[in-house]
Amino acid sequence: MENDVVLEGFGLRLEPLAEEHAPALAGLVDDAMWAGMSTPVPRSAADVVALVRDAVATPGRLAWAVVGQGSPGPDGAAEVRGSTSLYEWSPAQRRVELGWTYYGRPWWGGVTNPACKLLVLRHAFEVLDVERVALRADARNTRSIAAIRRLGAVPEGVLRSHRVAPDGSRGDSAYFSILADEWPGVRDGLLDRLLRPGPARR
């Protein structure tokens with residue numbers, strides 16, 4: 001699905017995911033960071049290129065590279081921090097899922113995730129005009145589940161044996177959602193986290 005949407009704010013630029021992002025993204029990935037994904041760990045830039053091509057070709061998916069707007073990296077290029085997507089978008093049903101999200105370890109626990117979520121959720125609710133955004137995580141992925149809960153997303157339950165892991169085992173999916181009438185509260189909570197005075201955060 002062609003995505004020409006650029007989202008900017010809070011030191012981030014979310015630009016349409018493209019093959020040119022693959023080398024930087026490949027350098028961020030490790031086994032622990034990729035745990036819970038439904039695809040094998042990408043071991044090379046070529047593996048990430050294949051993932052990018054699949055993301056771009058998937059109907060109903062808007063995929064972005066998450067890029068820092070501060071100082072460029074050592075090679076002078078923009079600092080690619082990770083990737084995120086809206087997917088399974090159904091305009092007729094006014095619903096979408098937010099996921100396929102990962103960041104390099106230097107940006108865990110800082111402002112990158114709440115800023116990214118604010119930009120993407122704002123686009124979903126205020127531009128795409130959806131009524132519902134769903135988020136899910138492998139039920140064993142406590143770090144991702146904690147991050148989703150901090151957003152203010154409402155837990156909906158666990159779908160048992162919902163997904164197949166790359167090793168062939170089956171896993172449960174924990175589901176959460178944010179509805180349109182809940183979005184203002186979620187938005188304000190994210191803004192509070194982003195604007196709260198404190199030490200410099202990533």
# chains A, B, ... in the order shown; residues from 1 in each chain; ligands from 1
$ closest_atom_pairs --of "stretch 77-154 of chain A" --to "stretch 2-9 of chain A" --cutoff "12 Å" --atoms "only C-alpha atoms" --output "tab-separated table"
residue	atom	partner	partner_atom	distance
A:Thr84	CA	A:Leu7	CA	11.9
A:Ser85	CA	A:Asn3	CA	10.6
A:Leu86	CA	A:Asn3	CA	10.6
A:Tyr87	CA	A:Asn3	CA	11.7
A:Val111	CA	A:Gly9	CA	11.4
A:Thr112	CA	A:Gly9	CA	10.6
A:Pro114	CA	A:Gly9	CA	11.3
A:Ala115	CA	A:Gly9	CA	7.5
A:Cys116	CA	A:Gly9	CA	8.6
A:Lys117	CA	A:Leu7	CA	10.9
A:Leu118	CA	A:Gly9	CA	9.1
A:Leu119	CA	A:Leu7	CA	6.4
A:Val120	CA	A:Leu7	CA	7.6
A:Leu121	CA	A:Leu7	CA	10.8
A:Arg122	CA	A:Leu7	CA	9.7
A:His123	CA	A:Leu7	CA	8.1
A:Ala124	CA	A:Leu7	CA	11.4
A:Val127	CA	A:Val5	CA	10.8
A:Leu128	CA	A:Val5	CA	11.5
$ select_by_dssp --residues "stretch 65-158 of chain A" --states "strand (DSSP E or B)" --output "PyMOL selection string"
chain A and resi 65-68+79-90+95-103+132-138+154-158
$ residues_around --residues "A:Val186" --least-positions-apart "4" --cutoff "7 Å" --atoms "only C-alpha atoms" --output "PyMOL selection string"
chain A and resi 151-152+182+190
$ atom_distance --atom1 "atom CA of A:Leu62" --atom2 "atom CA of A:Leu195"
27.3 Å
$ residues_around --residues "A:Ala139" --least-positions-apart "6" --cutoff "6 Å" --atoms "only C-alpha atoms" --output "PyMOL selection string"
chain A and resi 172-174
$ closest_residue --among "A:Leu14, A:Val56, A:Ile178, A:Ala50" --to "A:Val80" --atoms "only C-alpha atoms"
A:Leu14
$ atom_distance --atom1 "atom CA of A:Val154" --atom2 "atom CA of A:Val133"
10.6 Å
$ closest_residue --among "A:Arg196, A:Arg150, A:Arg136, A:Arg81" --to "A:Phe176" --atoms "only C-alpha atoms"
A:Arg136
$ atom_distance --atom1 "atom CA of A:Arg95" --atom2 "atom CA of A:Ala180"
10.0 Å
$ residues_around --residues "stretch 156-169 of chain A" --least-positions-apart "3" --cutoff "12 Å" --atoms "only C-alpha atoms" --output "number ranges by chain"
A: 31, 34-42, 134-140, 145, 149, 153, 172-178
$ write_last_selection --atoms "C-alpha atoms" --output "tab-separated table (two decimals), in the first residue's frame"
chain	number	residue	atom	x	y	z
A	31	ASP	CA	17.24	-11.59	19.17
A	34	TRP	CA	12.75	-9.12	18.04
A	35	ALA	CA	11.16	-11.54	20.52
A	36	GLY	CA	7.41	-11.74	20.03
A	37	MET	CA	7.47	-10.91	16.33
A	38	SER	CA	5.87	-13.37	13.93
A	39	THR	CA	8.75	-13.30	11.45
A	40	PRO	CA	12.29	-14.69	11.85
A	41	VAL	CA	14.95	-12.34	13.20
A	42	PRO	CA	16.38	-10.40	10.22
A	134	ALA	CA	-6.20	-1.96	18.49
A	135	LEU	CA	-2.80	-2.94	19.84
A	136	ARG	CA	-1.54	-6.42	20.59
A	137	ALA	CA	1.53	-8.14	21.94
A	138	ASP	CA	2.73	-11.64	22.58
A	139	ALA	CA	1.28	-12.46	25.99
A	140	ARG	CA	4.80	-13.32	27.23
A	145	ILE	CA	2.51	-5.04	27.38
A	149	ARG	CA	-0.74	-0.14	29.32
A	153	ALA	CA	-5.12	1.44	26.19
A	172	ASP	CA	-1.14	-16.19	22.88
A	173	SER	CA	-1.88	-12.56	21.95
A	174	ALA	CA	-2.86	-9.95	24.53
A	175	TYR	CA	-5.23	-7.41	22.97
A	176	PHE	CA	-5.83	-3.78	23.91
A	177	SER	CA	-7.74	-0.95	22.29
A	178	ILE	CA	-8.30	2.79	22.33
$ select_by_dssp --residues "stretch 116-188 of chain A" --states "helix (DSSP H, G or I)" --output "MDAnalysis selection string"
chainID A and resid 116:126 142:151 180:188
$ write_last_selection --atoms "N, CA and C atoms" --output "short mmCIF file (atom, residue, chain, number, x, y, z; two decimals), in the first residue's frame"
data_model
loop_
_atom_site.label_atom_id
_atom_site.label_comp_id
_atom_site.auth_asym_id
_atom_site.auth_seq_id
_atom_site.Cartn_x
_atom_site.Cartn_y
_atom_site.Cartn_z
N CYS A 116 6.24 8.79 19.25
CA CYS A 116 5.82 8.05 18.07
C CYS A 116 4.35 7.67 18.17
N LYS A 117 3.95 7.17 19.34
CA LYS A 117 2.55 6.78 19.52
C LYS A 117 1.62 7.98 19.39
N LEU A 118 2.02 9.12 19.93
CA LEU A 118 1.19 10.31 19.82
C LEU A 118 0.99 10.69 18.35
N LEU A 119 2.05 10.70 17.58
CA LEU A 119 1.96 11.08 16.17
C LEU A 119 1.08 10.11 15.39
N VAL A 120 1.27 8.82 15.62
CA VAL A 120 0.53 7.82 14.84
C VAL A 120 -0.93 7.76 15.27
N LEU A 121 -1.18 7.80 16.58
CA LEU A 121 -2.57 7.78 17.05
C LEU A 121 -3.31 9.04 16.61
N ARG A 122 -2.65 10.18 16.65
CA ARG A 122 -3.30 11.41 16.19
C ARG A 122 -3.68 11.29 14.72
N HIS A 123 -2.80 10.70 13.91
CA HIS A 123 -3.11 10.51 12.50
C HIS A 123 -4.31 9.56 12.35
N ALA A 124 -4.32 8.49 13.14
CA ALA A 124 -5.41 7.52 13.03
C ALA A 124 -6.76 8.12 13.39
N PHE A 125 -6.81 8.81 14.52
CA PHE A 125 -8.09 9.33 15.00
C PHE A 125 -8.51 10.62 14.32
N GLU A 126 -7.55 11.50 14.03
CA GLU A 126 -7.91 12.83 13.57
C GLU A 126 -7.81 13.01 12.06
N THR A 142 6.33 -9.02 28.41
CA THR A 142 5.92 -8.12 29.49
C THR A 142 6.34 -6.68 29.23
N ARG A 143 7.47 -6.47 28.57
CA ARG A 143 7.93 -5.10 28.30
C ARG A 143 6.96 -4.39 27.36
N SER A 144 6.56 -5.06 26.28
CA SER A 144 5.63 -4.44 25.33
C SER A 144 4.27 -4.22 25.96
N ILE A 145 3.81 -5.19 26.74
CA ILE A 145 2.51 -5.04 27.38
C ILE A 145 2.51 -3.87 28.36
N ALA A 146 3.59 -3.71 29.10
CA ALA A 146 3.67 -2.58 30.04
C ALA A 146 3.64 -1.26 29.28
N ALA A 147 4.32 -1.20 28.13
CA ALA A 147 4.32 0.03 27.34
C ALA A 147 2.93 0.35 26.81
N ILE A 148 2.20 -0.67 26.39
CA ILE A 148 0.84 -0.46 25.89
C ILE A 148 -0.07 0.03 27.01
N ARG A 149 0.07 -0.56 28.18
CA ARG A 149 -0.74 -0.14 29.32
C ARG A 149 -0.47 1.32 29.69
N ARG A 150 0.80 1.74 29.60
CA ARG A 150 1.14 3.13 29.94
C ARG A 150 0.47 4.12 28.99
N LEU A 151 0.12 3.69 27.80
CA LEU A 151 -0.58 4.56 26.87
C LEU A 151 -1.98 4.91 27.36
N ALA A 180 -12.38 6.12 20.01
CA ALA A 180 -12.32 7.55 19.66
C ALA A 180 -12.65 8.44 20.85
N ASP A 181 -13.64 8.04 21.67
CA ASP A 181 -13.98 8.91 22.80
C ASP A 181 -12.97 8.82 23.94
N GLU A 182 -12.07 7.84 23.87
CA GLU A 182 -10.99 7.72 24.85
C GLU A 182 -9.71 8.45 24.39
N TRP A 183 -9.65 8.77 23.10
CA TRP A 183 -8.45 9.36 22.53
C TRP A 183 -8.05 10.66 23.23
N PRO A 184 -8.96 11.62 23.52
CA PRO A 184 -8.50 12.85 24.18
C PRO A 184 -7.76 12.59 25.49
N GLY A 185 -8.23 11.64 26.29
CA GLY A 185 -7.53 11.32 27.53
C GLY A 185 -6.17 10.69 27.29
N VAL A 186 -6.10 9.80 26.30
CA VAL A 186 -4.82 9.18 25.96
C VAL A 186 -3.86 10.24 25.43
N ARG A 187 -4.37 11.10 24.56
CA ARG A 187 -3.55 12.20 24.01
C ARG A 187 -2.99 13.07 25.11
N ASP A 188 -3.83 13.46 26.05
CA ASP A 188 -3.37 14.34 27.13
C ASP A 188 -2.33 13.64 28.00
#
$ closest_residue --among "A:Gly11, A:Gly27, A:Gly171, A:Gly60" --to "A:Ser90" --atoms "only C-alpha atoms"
A:Gly60
$ decode --residues "stretch 41-112 of chain A" --atoms "C-alpha atoms" --output "CSV table (one decimal), in the first residue's frame"
chain,number,residue,atom,x,y,z
A,41,VAL,CA,14.9,-12.3,13.2
A,42,PRO,CA,16.4,-10.4,10.2
A,43,ARG,CA,20.1,-11.1,10.2
A,44,SER,CA,21.1,-8.7,7.4
A,45,ALA,CA,20.1,-5.6,5.5
A,46,ALA,CA,18.8,-7.9,2.7
A,47,ASP,CA,16.5,-9.6,5.2
A,48,VAL,CA,15.2,-6.2,6.3
A,49,VAL,CA,14.7,-5.2,2.6
A,50,ALA,CA,12.5,-8.2,2.3
A,51,LEU,CA,10.5,-7.1,5.3
A,52,VAL,CA,10.2,-3.5,3.9
A,53,ARG,CA,9.0,-4.8,0.6
A,54,ASP,CA,6.4,-6.9,2.3
A,55,ALA,CA,5.2,-4.0,4.5
A,56,VAL,CA,4.9,-1.7,1.5
A,57,ALA,CA,3.0,-4.3,-0.5
A,58,THR,CA,0.5,-5.3,2.2
A,59,PRO,CA,-3.0,-3.8,1.7
A,60,GLY,CA,-4.3,-1.7,4.5
A,61,ARG,CA,-0.8,-1.1,6.0
A,62,LEU,CA,0.9,2.3,6.4
A,63,ALA,CA,4.6,1.7,7.5
A,64,TRP,CA,7.0,4.3,8.7
A,65,ALA,CA,10.7,4.6,9.6
A,66,VAL,CA,11.1,6.4,12.9
A,67,VAL,CA,13.9,9.0,12.4
A,68,GLY,CA,15.4,11.4,15.0
A,69,GLN,CA,15.5,15.0,13.9
A,70,GLY,CA,18.5,15.9,16.1
A,71,SER,CA,22.1,15.5,15.2
A,72,PRO,CA,22.9,13.0,12.4
A,73,GLY,CA,24.7,9.8,13.0
A,74,PRO,CA,28.4,9.2,12.6
A,75,ASP,CA,28.1,8.8,8.8
A,76,GLY,CA,26.1,12.1,8.5
A,77,ALA,CA,22.9,10.3,7.8
A,78,ALA,CA,19.6,10.9,9.7
A,79,GLU,CA,19.4,8.8,12.8
A,80,VAL,CA,17.0,5.9,12.2
A,81,ARG,CA,15.6,4.7,15.5
A,82,GLY,CA,13.1,2.0,14.4
A,83,SER,CA,9.9,1.4,12.6
A,84,THR,CA,6.1,1.3,13.3
A,85,SER,CA,2.9,0.7,11.3
A,86,LEU,CA,-0.8,1.1,11.1
A,87,TYR,CA,-2.2,-2.1,9.6
A,88,GLU,CA,-5.4,-3.9,8.9
A,89,TRP,CA,-7.0,-0.6,8.2
A,90,SER,CA,-10.6,-0.9,7.3
A,91,PRO,CA,-12.1,2.5,6.3
A,92,ALA,CA,-15.6,1.1,6.1
A,93,GLN,CA,-15.4,-0.3,9.6
A,94,ARG,CA,-13.4,2.7,10.9
A,95,ARG,CA,-10.8,0.5,12.6
A,96,VAL,CA,-7.1,-0.1,12.4
A,97,GLU,CA,-4.3,-1.8,14.4
A,98,LEU,CA,-1.0,-0.2,15.5
A,99,GLY,CA,2.0,-2.4,15.7
A,100,TRP,CA,5.0,-3.8,13.9
A,101,THR,CA,6.9,-1.4,16.2
A,102,TYR,CA,10.5,-1.8,17.3
A,103,TYR,CA,13.3,0.6,18.3
A,104,GLY,CA,17.0,0.2,18.8
A,105,ARG,CA,18.0,-0.2,22.5
A,106,PRO,CA,19.4,3.3,22.9
A,107,TRP,CA,15.8,4.6,22.6
A,108,TRP,CA,14.1,2.2,25.0
A,109,GLY,CA,12.5,3.9,28.0
A,110,GLY,CA,12.8,7.5,26.7
A,111,VAL,CA,10.5,9.8,24.8
A,112,THR,CA,10.8,8.0,21.4
